[in-house]
$ cat input14.csv   # CSV, C-alpha atoms
chain,number,residue,atom,x,y,z
A,283,MET,CA,-52.3,-34.0,13.3
A,284,ARG,CA,-51.4,-30.3,13.6
A,285,ALA,CA,-52.8,-28.1,10.8
A,286,ILE,CA,-50.4,-26.3,8.5
A,287,PRO,CA,-51.2,-22.5,8.2
A,288,LEU,CA,-52.6,-21.6,4.8
A,289,THR,CA,-49.8,-19.3,3.7
A,290,ILE,CA,-47.1,-21.9,4.6
A,291,GLY,CA,-49.1,-24.6,2.9
A,292,LEU,CA,-49.4,-22.5,-0.3
A,293,LEU,CA,-45.6,-21.9,-0.3
A,294,LEU,CA,-44.9,-25.6,0.2
A,295,LEU,CA,-47.3,-26.4,-2.7
A,296,MET,CA,-45.6,-23.9,-5.0
A,297,ALA,CA,-42.1,-25.3,-4.1
A,298,CYS,CA,-43.2,-28.8,-4.9
A,299,HIS,CA,-44.9,-28.1,-8.3
A,300,THR,CA,-43.1,-25.2,-9.8
A,301,SER,CA,-41.2,-25.9,-13.0
A,302,GLN,CA,-38.8,-22.9,-12.6
A,303,PRO,CA,-35.2,-23.5,-11.6
A,304,ALA,CA,-34.0,-22.5,-8.2
A,305,VAL,CA,-32.8,-18.9,-7.8
A,306,THR,CA,-29.0,-18.6,-7.8
A,307,VAL,CA,-27.7,-16.1,-5.2
A,308,THR,CA,-25.0,-14.0,-6.8
A,309,SER,CA,-22.4,-11.9,-5.1
A,310,THR,CA,-23.3,-8.3,-4.4
A,311,HIS,CA,-19.7,-7.2,-4.5
A,312,LYS,CA,-19.0,-4.5,-7.0
A,313,ARG,CA,-15.8,-5.0,-8.9
A,314,ALA,CA,-13.0,-2.4,-8.4
A,315,LYS,CA,-11.4,-1.0,-11.5
A,316,ASN,CA,-8.5,0.6,-9.6
A,317,ILE,CA,-6.6,-0.1,-6.4
A,318,VAL,CA,-4.5,2.3,-4.3
A,319,LEU,CA,-2.7,0.5,-1.4
A,320,LEU,CA,-1.2,2.9,1.1
A,321,ILE,CA,1.3,1.4,3.6
A,322,GLY,CA,2.3,3.3,6.7
A,323,ASP,CA,5.5,1.5,7.5
A,324,GLY,CA,5.7,0.8,11.2
A,325,MET,CA,2.2,2.3,11.8
A,326,GLY,CA,0.5,0.5,14.6
A,327,LEU,CA,-2.7,1.6,16.4
A,328,THR,CA,-0.7,3.9,18.8
A,329,GLN,CA,1.1,5.7,15.9
A,330,LEU,CA,-2.2,6.6,14.3
A,331,THR,CA,-3.7,7.5,17.7
A,332,ALA,CA,-0.8,9.9,18.4
A,333,GLY,CA,-1.3,11.5,15.0
A,334,LEU,CA,-5.0,11.9,15.7
A,335,TYR,CA,-4.7,13.5,19.1
A,336,ALA,CA,-1.8,15.7,18.0
A,337,ASN,CA,-4.0,17.0,15.1
A,338,ASN,CA,-7.0,18.4,16.9
A,339,ASN,CA,-8.6,14.9,17.2
A,340,HIS,CA,-8.9,14.4,13.5
A,341,LEU,CA,-7.4,12.2,10.8
A,342,ASN,CA,-8.6,11.3,7.3
A,343,LEU,CA,-8.4,7.7,8.4
A,344,GLU,CA,-11.7,8.4,10.2
A,345,ARG,CA,-13.4,8.5,6.9
A,346,PHE,CA,-13.0,4.8,6.2
A,347,PRO,CA,-16.2,2.8,6.7
A,348,VAL,CA,-14.5,-0.6,7.0
A,349,ILE,CA,-11.8,-1.5,9.5
A,350,GLY,CA,-10.0,-4.8,10.1
A,351,LEU,CA,-6.8,-6.3,11.6
A,352,HIS,CA,-4.2,-8.4,10.1
A,353,LYS,CA,-1.6,-10.9,11.5
A,354,ALA,CA,1.8,-9.6,10.5
A,355,TYR,CA,4.1,-12.4,11.4
A,356,SER,CA,6.5,-13.7,8.8
A,357,ALA,CA,7.3,-17.3,7.7
A,358,ASN,CA,10.4,-17.6,10.0
A,359,ASP,CA,9.6,-15.1,12.9
A,360,LEU,CA,6.7,-13.9,14.9
A,361,ILE,CA,8.2,-10.4,14.4
A,362,THR,CA,8.2,-9.5,10.7
A,363,ASP,CA,10.4,-7.1,8.8
A,364,SER,CA,9.3,-4.8,6.0
A,365,ALA,CA,10.5,-7.1,3.2
A,366,ALA,CA,8.5,-10.1,4.4
A,367,GLY,CA,5.5,-8.0,5.3
A,368,ALA,CA,5.4,-6.2,1.9
A,369,THR,CA,5.9,-9.6,0.1
A,370,ALA,CA,2.8,-10.9,1.8
A,371,PHE,CA,0.8,-7.9,0.5
A,372,ALA,CA,2.3,-8.0,-3.0
A,373,CYS,CA,2.4,-11.8,-3.5
A,374,GLY,CA,-0.1,-13.4,-1.1
A,375,GLN,CA,2.5,-15.6,0.5
A,376,LYS,CA,4.5,-15.4,3.8
A,377,THR,CA,8.2,-15.6,3.4
A,378,TYR,CA,11.4,-15.2,5.5
A,379,ASN,CA,12.5,-11.8,6.8
A,380,GLY,CA,14.7,-10.0,4.3
A,381,ALA,CA,13.1,-11.6,1.2
A,382,ILE,CA,12.0,-9.4,-1.7
A,383,ALA,CA,9.1,-11.1,-3.5
A,384,MET,CA,10.6,-14.5,-3.1
A,385,GLY,CA,9.2,-17.5,-1.3
A,386,THR,CA,10.7,-19.6,1.5
A,387,ASP,CA,12.4,-21.6,-1.3
A,388,SER,CA,14.1,-18.5,-2.6
A,389,LEU,CA,12.2,-18.7,-5.9
A,390,PRO,CA,10.5,-15.6,-7.3
A,391,LEU,CA,6.9,-14.9,-6.6
A,392,THR,CA,4.7,-12.9,-9.1
A,393,THR,CA,3.6,-9.6,-7.6
A,394,ILE,CA,0.2,-7.9,-7.9
A,395,LEU,CA,1.9,-5.0,-9.7
A,396,GLU,CA,3.4,-7.4,-12.3
A,397,GLN,CA,0.0,-9.1,-12.7
A,398,ALA,CA,-1.6,-5.7,-13.2
A,399,GLU,CA,0.9,-4.9,-15.9
A,400,ASP,CA,0.1,-8.2,-17.6
A,401,ARG,CA,-3.6,-7.2,-17.7
A,402,GLY,CA,-2.8,-3.8,-19.3
A,403,MET,CA,-3.3,-1.8,-16.2
A,404,ALA,CA,-1.2,1.3,-15.3
A,405,THR,CA,1.1,1.0,-12.3
A,406,GLY,CA,2.8,3.2,-9.8
A,407,LEU,CA,5.0,3.3,-6.7
A,408,VAL,CA,5.6,6.2,-4.3
A,409,ALA,CA,7.8,6.1,-1.1
A,410,THR,CA,9.4,8.5,1.3
A,411,SER,CA,12.3,6.2,1.5
A,412,THR,CA,14.6,5.1,-1.4
A,413,ILE,CA,12.5,3.6,-4.1
A,414,VAL,CA,14.6,0.4,-3.8
A,415,HIS,CA,13.8,0.1,-0.1
A,416,ALA,CA,12.1,-3.1,1.2
A,417,THR,CA,8.4,-2.1,0.8
A,418,PRO,CA,8.4,-0.6,-2.7
A,419,ALA,CA,10.9,-3.2,-3.8
A,420,ALA,CA,8.7,-6.1,-2.9
A,421,PHE,CA,6.1,-5.0,-5.5
A,422,ILE,CA,8.5,-4.8,-8.4
A,423,ALA,CA,11.7,-6.7,-7.7
A,424,HIS,CA,12.9,-10.2,-6.7
A,425,ASN,CA,15.8,-10.7,-4.5
A,426,LYS,CA,17.0,-13.0,-1.7
A,427,LEU,CA,18.2,-10.1,0.4
A,428,ARG,CA,16.5,-6.7,0.8
A,429,GLN,CA,19.9,-4.9,1.1
A,430,ASN,CA,20.9,-5.7,-2.5
A,431,TYR,CA,19.8,-2.2,-3.6
A,432,GLU,CA,21.7,-2.0,-6.9
A,433,ASP,CA,20.3,-5.4,-8.0
A,434,ILE,CA,16.8,-4.3,-7.0
A,435,ALA,CA,17.3,-1.1,-9.1
A,436,VAL,CA,18.0,-3.3,-12.2
A,437,ASP,CA,14.6,-4.9,-11.8
A,438,PHE,CA,12.9,-1.6,-12.4
A,439,LEU,CA,14.1,-1.8,-16.0
A,440,LYS,CA,12.5,-5.3,-16.4
A,441,THR,CA,9.0,-3.9,-15.9
A,442,ASP,CA,6.7,-1.4,-17.5
A,443,ILE,CA,5.9,0.6,-14.4
A,444,ASP,CA,4.4,3.9,-15.5
A,445,TYR,CA,5.2,6.2,-12.5
A,446,PHE,CA,7.5,6.0,-9.5
A,447,VAL,CA,8.7,8.5,-7.0
A,448,GLY,CA,11.3,8.1,-4.2
A,449,GLY,CA,14.9,8.5,-3.2
A,450,GLY,CA,17.9,6.4,-4.0
A,451,GLU,CA,19.0,7.8,-7.4
A,452,LYS,CA,22.6,6.7,-6.6
A,453,PHE,CA,21.6,3.0,-6.9
A,454,PHE,CA,20.7,3.8,-10.5
A,455,ASN,CA,23.5,6.0,-11.7
A,456,ALA,CA,26.4,5.8,-9.3
A,457,ARG,CA,26.7,2.1,-9.1
A,458,THR,CA,29.5,0.0,-7.6
A,459,LEU,CA,28.5,-3.4,-9.1
A,460,ASP,CA,28.8,-2.3,-12.7
A,461,ASP,CA,29.2,0.7,-15.0
A,462,ARG,CA,25.5,0.8,-16.0
A,463,ASP,CA,23.7,4.2,-15.9
A,464,LEU,CA,20.1,3.1,-15.2
A,465,VAL,CA,18.8,6.6,-15.4
A,466,LYS,CA,20.1,6.8,-19.0
A,467,GLU,CA,18.5,3.4,-19.6
A,468,LEU,CA,15.2,4.6,-18.2
A,469,ARG,CA,15.2,7.6,-20.5
A,470,SER,CA,15.9,5.3,-23.5
A,471,LYS,CA,12.8,3.3,-22.5
A,472,GLY,CA,10.7,6.5,-22.7
A,473,TYR,CA,10.7,7.8,-19.1
A,474,THR,CA,10.9,11.4,-18.1
A,475,VAL,CA,13.5,11.2,-15.3
A,476,SER,CA,13.9,14.3,-13.1
A,477,ASP,CA,13.9,15.8,-9.7
A,478,PHE,CA,10.4,15.8,-8.3
A,479,ARG,CA,11.1,18.8,-6.0
A,480,GLN,CA,11.8,21.1,-8.9
A,481,ASN,CA,9.0,20.4,-11.3
A,482,ASP,CA,5.6,21.7,-12.1
A,483,LEU,CA,3.7,18.4,-11.9
A,484,GLY,CA,0.7,19.6,-13.8
A,485,ARG,CA,2.1,18.0,-17.0
A,486,ILE,CA,1.9,14.5,-15.3
A,487,VAL,CA,-1.9,14.7,-15.4
A,488,LEU,CA,-2.0,16.3,-18.9
A,489,ASN,CA,0.5,14.0,-20.7
A,490,LYS,CA,-0.7,10.4,-20.4
A,491,GLN,CA,1.7,9.3,-23.2
A,492,MET,CA,4.8,9.6,-21.1
A,493,LYS,CA,6.2,7.6,-18.2
A,494,PHE,CA,7.7,9.3,-15.2
A,495,ALA,CA,10.5,8.5,-12.8
A,496,TYR,CA,11.2,11.1,-10.1
A,497,PHE,CA,14.1,10.8,-7.8
A,498,THR,CA,13.7,12.8,-4.6
A,499,ALA,CA,17.2,12.3,-3.2
A,500,ASP,CA,20.5,10.5,-4.0
A,501,GLU,CA,20.0,8.4,-0.9
A,502,ASP,CA,17.2,8.6,1.7
A,503,PRO,CA,14.9,11.6,1.4
A,504,PRO,CA,14.8,14.1,4.3
A,505,THR,CA,12.2,13.9,7.0
A,506,ALA,CA,8.9,15.8,7.0
A,507,SER,CA,10.3,18.0,9.8
A,508,GLN,CA,13.3,18.9,7.5
A,509,GLY,CA,10.9,20.1,4.8
A,510,ARG,CA,10.1,17.0,2.8
A,511,ASP,CA,6.6,17.6,1.4
A,512,TYR,CA,6.2,15.6,-1.8
A,513,LEU,CA,4.2,12.6,-0.6
A,514,PRO,CA,0.6,14.2,-0.7
A,515,LEU,CA,1.4,15.8,-4.1
A,516,ALA,CA,3.0,12.7,-5.5
A,517,ALA,CA,-0.1,10.6,-4.4
A,518,ASP,CA,-2.6,13.1,-5.9
A,519,LYS,CA,-0.8,13.7,-9.2
A,520,GLY,CA,0.0,10.0,-9.5
A,521,VAL,CA,-3.6,8.9,-9.1
A,522,ARG,CA,-4.8,11.5,-11.6
A,523,TYR,CA,-2.1,10.4,-14.1
A,524,LEU,CA,-2.6,6.7,-13.8
A,525,GLU,CA,-6.4,7.1,-14.2
A,526,ARG,CA,-5.7,8.8,-17.6
A,527,ARG,CA,-2.9,6.4,-18.5
A,528,SER,CA,-5.0,3.3,-18.9
A,529,GLU,CA,-8.7,2.7,-19.6
A,530,THR,CA,-8.2,-0.8,-18.0
A,531,GLY,CA,-7.5,0.6,-14.6
A,532,TYR,CA,-4.5,1.0,-12.4
A,533,PHE,CA,-2.6,-0.3,-9.3
A,534,MET,CA,-0.6,2.0,-7.1
A,535,MET,CA,1.3,1.5,-3.8
A,536,ILE,CA,2.1,4.6,-1.7
A,537,GLU,CA,4.3,4.2,1.3
A,538,GLY,CA,4.7,6.6,4.3
A,539,SER,CA,8.1,5.0,4.9
A,540,GLN,CA,9.5,7.1,7.8
A,541,ILE,CA,6.8,6.4,10.4
A,542,ASP,CA,8.9,3.3,10.9
A,543,TRP,CA,12.1,5.3,11.3
A,544,GLY,CA,10.5,7.4,14.0
A,545,GLY,CA,9.7,4.2,15.9
A,546,HIS,CA,13.3,2.9,15.5
A,547,ALA,CA,14.5,6.3,16.8
A,548,ASN,CA,12.1,6.2,19.7
A,549,ASN,CA,11.1,9.7,18.7
A,550,THR,CA,7.5,10.6,19.3
A,551,GLN,CA,7.5,13.9,17.3
A,552,TYR,CA,9.2,12.2,14.4
A,553,ILE,CA,6.4,9.6,14.3
A,554,ILE,CA,3.7,12.3,14.6
A,555,ARG,CA,5.0,14.5,11.8
A,556,GLU,CA,5.4,11.5,9.5
A,557,MET,CA,2.0,10.2,10.4
A,558,LEU,CA,0.3,13.5,9.6
A,559,ASP,CA,2.2,13.7,6.3
A,560,PHE,CA,1.0,10.2,5.4
A,561,ASP,CA,-2.6,11.0,6.5
A,562,GLU,CA,-2.6,14.1,4.2
A,563,ALA,CA,-1.7,11.7,1.3
A,564,ILE,CA,-4.5,9.4,2.3
A,565,GLY,CA,-6.9,12.3,2.2
A,566,ARG,CA,-5.9,13.3,-1.3
A,567,VAL,CA,-6.4,9.8,-2.5
A,568,LEU,CA,-9.8,9.4,-0.8
A,569,ASN,CA,-11.0,12.7,-2.3
A,570,LEU,CA,-10.4,11.3,-5.8
A,571,ALA,CA,-11.8,7.9,-5.0
A,572,GLU,CA,-15.0,9.4,-3.7
A,573,LYS,CA,-15.5,11.1,-7.0
A,574,ASP,CA,-14.8,8.3,-9.4
A,575,GLY,CA,-16.6,5.4,-7.4
A,576,GLU,CA,-14.4,2.8,-9.1
A,577,THR,CA,-11.3,2.9,-6.8
A,578,LEU,CA,-10.7,0.6,-3.8
A,579,VAL,CA,-8.5,2.4,-1.3
A,580,ILE,CA,-6.7,0.3,1.4
A,581,VAL,CA,-4.6,1.7,4.2
A,582,THR,CA,-2.5,-0.6,6.4
A,583,ALA,CA,1.0,-1.2,7.8
A,584,ASP,CA,3.5,-4.0,7.5
A,585,HIS,CA,4.1,-4.0,11.3
A,586,GLU,CA,4.2,-1.8,14.3
A,587,CYS,CA,7.6,-0.3,15.3
A,588,GLY,CA,8.9,0.7,18.7
A,589,GLY,CA,6.3,-0.8,21.1
A,590,PHE,CA,4.9,2.8,21.1
A,591,SER,CA,2.5,3.9,23.9
A,592,ILE,CA,0.8,7.1,25.0
A,593,ASN,CA,1.4,7.6,28.7
A,594,TYR,CA,0.2,9.8,31.6
A,595,GLY,CA,1.1,13.4,31.0
A,596,SER,CA,-0.2,13.4,27.5
A,597,LYS,CA,-2.8,16.0,26.5
A,598,MET,CA,-4.8,16.7,23.4
A,599,GLY,CA,-2.3,18.3,21.1
A,600,LYS,CA,0.7,17.2,23.3
A,601,ILE,CA,1.6,13.6,23.2
A,602,GLU,CA,4.1,12.0,25.7
A,603,GLY,CA,5.2,8.7,24.1
A,604,LYS,CA,7.1,5.8,25.5
A,605,PHE,CA,8.7,2.8,23.8
A,606,THR,CA,9.4,-0.8,24.7
A,607,THR,CA,12.0,-1.4,21.9
A,608,ASP,CA,13.8,0.2,19.1
A,609,GLY,CA,12.7,-2.6,16.8
A,610,HIS,CA,9.5,-4.0,15.4
A,611,THR,CA,6.8,-5.7,17.5
A,612,GLY,CA,4.3,-8.5,16.8
A,613,ASP,CA,1.1,-6.5,17.3
A,614,LEU,CA,-1.9,-7.0,15.1
A,615,VAL,CA,-2.0,-4.3,12.5
A,616,PRO,CA,-5.1,-2.2,11.5
A,617,VAL,CA,-6.5,-2.2,8.0
A,618,PHE,CA,-8.8,0.5,6.6
A,619,ALA,CA,-10.8,0.1,3.3
A,620,PHE,CA,-13.0,2.3,1.2
A,621,GLY,CA,-14.7,1.8,-2.2
A,622,PRO,CA,-15.7,-1.3,-4.3
A,623,GLY,CA,-14.8,-4.4,-2.4
A,624,ALA,CA,-14.1,-2.6,0.9
A,625,GLU,CA,-16.5,-4.9,2.8
A,626,ARG,CA,-14.0,-7.8,2.3
A,627,PHE,CA,-11.5,-6.1,4.6
A,628,GLY,CA,-13.4,-6.3,7.9
A,629,GLY,CA,-12.4,-8.9,10.5
A,630,ILE,CA,-9.1,-10.5,11.5
A,631,TYR,CA,-7.0,-12.3,9.0
A,632,GLU,CA,-3.5,-13.1,7.8
A,633,ASN,CA,-1.5,-10.4,6.1
A,634,THR,CA,-1.4,-12.5,3.0
A,635,ALA,CA,-5.2,-12.0,2.8
A,636,ILE,CA,-4.6,-8.4,1.8
A,637,TYR,CA,-3.4,-9.7,-1.6
A,638,ASP,CA,-6.2,-12.2,-1.8
A,639,LYS,CA,-8.9,-9.6,-1.1
A,640,MET,CA,-7.4,-7.2,-3.7
A,641,VAL,CA,-7.4,-9.9,-6.4
A,642,GLN,CA,-11.0,-10.7,-5.4
A,643,ALA,CA,-12.0,-7.1,-5.6
A,644,LEU,CA,-10.5,-6.7,-9.1
A,645,GLY,CA,-12.4,-9.9,-10.2
A,646,TRP,CA,-9.3,-11.7,-11.3
A,647,ASN,CA,-10.4,-15.0,-9.9
A,648,ASP,CA,-14.0,-14.9,-11.0
$ encode --input "input14.csv" --output "structure tokens"
Amino acid sequence: MRAIPLTIGLLLLMACHTSQPAVTVTSTHKRAKNIVLLIGDGMGLTQLTAGLYANNNHLNLERFPVIGLHKAYSANDLITDSAAGATAFACGQKTYNGAIAMGTDSLPLTTILEQAEDRGMATGLVATSTIVHATPAAFIAHNKLRQNYEDIAVDFLKTDIDYFVGGGEKFFNARTLDDRDLVKELRSKGYTVSDFRQNDLGRIVLNKQMKFAYFTADEDPPTASQGRDYLPLAADKGVRYLERRSETGYFMMIEGSQIDWGGHANNTQYIIREMLDFDEAIGRVLNLAEKDGETLVIVTADHECGGFSINYGSKMGKIEGKFTTDGHTGDLVPVFAFGPGAERFGGIYENTAIYDKMVQALGWND
């Protein structure tokens, strides 16, 4: 019979005769207090690569320690649209293209923003589209069709969202469905409603008692090339305000909406300018998250748009882009994560897992 080494024998003896219970292995994940989800609509790998090489080979996205990929297809199509893609993030379920926080049975799904409000957290939405566009809408509204903008605007009055910034004021106060003035109704609910472009935003940080609704255009905001510059500032001020607004924490979604529109237009420079504007907002949020140590920051996209590629003739600082379509594609989509719970976002997974991982990071399913 083969002899057992002394050290192993002693370990076996201790295991057999100890009266102590077995050690329970607990999770090493640190719980996040806050979440900022940044969505670059239509931002695939090539869009961010074009921004990187056009910007002296640098993006704030390079600061993220965890990178993954998600599968963006919807419930009824390999090629998703923004409504179904955002619903997957907001609600954790795949649905049909065009649905706003509704399942395949056309019944409402509870969103992570609504869940955050129920838990006493502060909430915010920022977009460079109209605020009732598909992506922001999927976090706060419920509708069978994404184009029902005036109906979606009404849903803003059914929540306690603390801060939102985007275009589309006409869907609130120049309505065709009814005579309601939703801007007036927002003010009656305690919101400061005004034009983001004309305000000193310092008071947002200082006054945590007020709620803020900023409309940046009657319809769609202008492009970054046309001078639109509110996204980084709205992200920075919004995070600072929401952090002061609630001791329980906050959830905020920030969308760089027009990266997608550059893809639809097959316009390389449009994509790059919007990508760099979005990346500046990412940098502002990261700077704040690095200081507080309690905020999970996630950057992803709902889908790629344009079948965008960087071709021969391109140089550092000068990108020659080509396109295979003026619509969306079925590419896997990159995910970047920083902060408590970031390690969950590595690997390849369904787009619905973005919701699951956020809920896990907040400790809601402990």
$ closest_residue --input "input14.csv" --among "A:Lys519, A:Asp608, A:Glu586, A:Asp574" --to "Asn549 in chain A" --atoms "only C-alpha atoms"
A:Asp608
$ residues_near_point --input "input14.csv" --point "(7.1, -14.8, 9.0)" --cutoff "9 Å" --atoms "all atoms listed in the file" --output "ChimeraX atom specification"
/A:354-363,366-367,376-379
$ closest_residue --input "input14.csv" --among "A:Gly520, A:Gly609, A:Gly575, A:Phe533" --to "Gln397 in chain A" --atoms "only C-alpha atoms"
A:Phe533
$ residues_near_point --input "input14.csv" --point "(11.0, 8.8, 14.5)" --cutoff "12 Å" --atoms "only C-alpha atoms" --output "ChimeraX atom specification"
/A:323-325,329,505-507,539-557,587-588,590,603,605,608-609
$ write_last_selection --input "input14.csv" --atoms "C-alpha atoms" --output "mmCIF file, keeping the file's coordinate frame"
data_model
loop_
_atom_site.group_PDB
_atom_site.id
_atom_site.type_symbol
_atom_site.label_atom_id
_atom_site.label_comp_id
_atom_site.auth_asym_id
_atom_site.auth_seq_id
_atom_site.Cartn_x
_atom_site.Cartn_y
_atom_site.Cartn_z
ATOM 1 C CA ASP A 323 5.500 1.500 7.500
ATOM 2 C CA GLY A 324 5.700 0.800 11.200
ATOM 3 C CA MET A 325 2.200 2.300 11.800
ATOM 4 C CA GLN A 329 1.100 5.700 15.900
ATOM 5 C CA THR A 505 12.200 13.900 7.000
ATOM 6 C CA ALA A 506 8.900 15.800 7.000
ATOM 7 C CA SER A 507 10.300 18.000 9.800
ATOM 8 C CA SER A 539 8.100 5.000 4.900
ATOM 9 C CA GLN A 540 9.500 7.100 7.800
ATOM 10 C CA ILE A 541 6.800 6.400 10.400
ATOM 11 C CA ASP A 542 8.900 3.300 10.900
ATOM 12 C CA TRP A 543 12.100 5.300 11.300
ATOM 13 C CA GLY A 544 10.500 7.400 14.000
ATOM 14 C CA GLY A 545 9.700 4.200 15.900
ATOM 15 C CA HIS A 546 13.300 2.900 15.500
ATOM 16 C CA ALA A 547 14.500 6.300 16.800
ATOM 17 C CA ASN A 548 12.100 6.200 19.700
ATOM 18 C CA ASN A 549 11.100 9.700 18.700
ATOM 19 C CA THR A 550 7.500 10.600 19.300
ATOM 20 C CA GLN A 551 7.500 13.900 17.300
ATOM 21 C CA TYR A 552 9.200 12.200 14.400
ATOM 22 C CA ILE A 553 6.400 9.600 14.300
ATOM 23 C CA ILE A 554 3.700 12.300 14.600
ATOM 24 C CA ARG A 555 5.000 14.500 11.800
ATOM 25 C CA GLU A 556 5.400 11.500 9.500
ATOM 26 C CA MET A 557 2.000 10.200 10.400
ATOM 27 C CA CYS A 587 7.600 -0.300 15.300
ATOM 28 C CA GLY A 588 8.900 0.700 18.700
ATOM 29 C CA PHE A 590 4.900 2.800 21.100
ATOM 30 C CA GLY A 603 5.200 8.700 24.100
ATOM 31 C CA PHE A 605 8.700 2.800 23.800
ATOM 32 C CA ASP A 608 13.800 0.200 19.100
ATOM 33 C CA GLY A 609 12.700 -2.600 16.800
#
$ closest_residue --input "input14.csv" --among "A:His610, A:Arg626, A:Arg522, A:Arg469" --to "Ala404 in chain A" --atoms "all atoms listed in the file"
A:Arg522
$ atom_distance --input "input14.csv" --atom1 "CA of Ile592 in chain A" --atom2 "CA of Arg345 in chain A"
23.0 Å
$ atom_distance --input "input14.csv" --atom1 "CA of Thr611 in chain A" --atom2 "CA of Ser591 in chain A"
12.3 Å
$ residues_around --input "input14.csv" --residues "range 636-645 of chain A" --least-positions-apart "5" --cutoff "9 Å" --atoms "only C-alpha atoms" --output "tab-separated table (two decimals) with C-alpha atoms, keeping the file's coordinate frame"
chain	number	residue	atom	x	y	z
A	311	HIS	CA	-19.70	-7.20	-4.50
A	312	LYS	CA	-19.00	-4.50	-7.00
A	313	ARG	CA	-15.80	-5.00	-8.90
A	314	ALA	CA	-13.00	-2.40	-8.40
A	315	LYS	CA	-11.40	-1.00	-11.50
A	316	ASN	CA	-8.50	0.60	-9.60
A	317	ILE	CA	-6.60	-0.10	-6.40
A	352	HIS	CA	-4.20	-8.40	10.10
A	370	ALA	CA	2.80	-10.90	1.80
A	371	PHE	CA	0.80	-7.90	0.50
A	372	ALA	CA	2.30	-8.00	-3.00
A	373	CYS	CA	2.40	-11.80	-3.50
A	374	GLY	CA	-0.10	-13.40	-1.10
A	375	GLN	CA	2.50	-15.60	0.50
A	394	ILE	CA	0.20	-7.90	-7.90
A	578	LEU	CA	-10.70	0.60	-3.80
A	580	ILE	CA	-6.70	0.30	1.40
A	617	VAL	CA	-6.50	-2.20	8.00
A	622	PRO	CA	-15.70	-1.30	-4.30
A	623	GLY	CA	-14.80	-4.40	-2.40
A	624	ALA	CA	-14.10	-2.60	0.90
A	626	ARG	CA	-14.00	-7.80	2.30
A	627	PHE	CA	-11.50	-6.10	4.60
A	631	TYR	CA	-7.00	-12.30	9.00
$ residues_around --input "input14.csv" --residues "Asp502 in chain A" --least-positions-apart "6" --cutoff "12 Å" --atoms "all atoms listed in the file" --output "PDB file with C-alpha atoms, in the frame of the given file"
ATOM      1  CA  ALA A 409       7.800   6.100  -1.100  1.00  0.00           C
ATOM      2  CA  THR A 410       9.400   8.500   1.300  1.00  0.00           C
ATOM      3  CA  SER A 411      12.300   6.200   1.500  1.00  0.00           C
ATOM      4  CA  THR A 412      14.600   5.100  -1.400  1.00  0.00           C
ATOM      5  CA  ILE A 413      12.500   3.600  -4.100  1.00  0.00           C
ATOM      6  CA  VAL A 414      14.600   0.400  -3.800  1.00  0.00           C
ATOM      7  CA  HIS A 415      13.800   0.100  -0.100  1.00  0.00           C
ATOM      8  CA  GLY A 448      11.300   8.100  -4.200  1.00  0.00           C
ATOM      9  CA  GLY A 449      14.900   8.500  -3.200  1.00  0.00           C
ATOM     10  CA  GLY A 450      17.900   6.400  -4.000  1.00  0.00           C
ATOM     11  CA  GLU A 451      19.000   7.800  -7.400  1.00  0.00           C
ATOM     12  CA  LYS A 452      22.600   6.700  -6.600  1.00  0.00           C
ATOM     13  CA  PHE A 453      21.600   3.000  -6.900  1.00  0.00           C
ATOM     14  CA  ARG A 510      10.100  17.000   2.800  1.00  0.00           C
ATOM     15  CA  SER A 539       8.100   5.000   4.900  1.00  0.00           C
ATOM     16  CA  GLN A 540       9.500   7.100   7.800  1.00  0.00           C
ATOM     17  CA  TRP A 543      12.100   5.300  11.300  1.00  0.00           C
TER      18      TRP A 543
END
$ atom_distance --input "input14.csv" --atom1 "CA of Ala516 in chain A" --atom2 "CA of Glu537 in chain A"
11.0 Å
$ closest_residue --input "input14.csv" --among "A:Thr582, A:Gln508, A:Asn455, A:Thr417" --to "Leu327 in chain A" --atoms "only C-alpha atoms"
A:Thr582
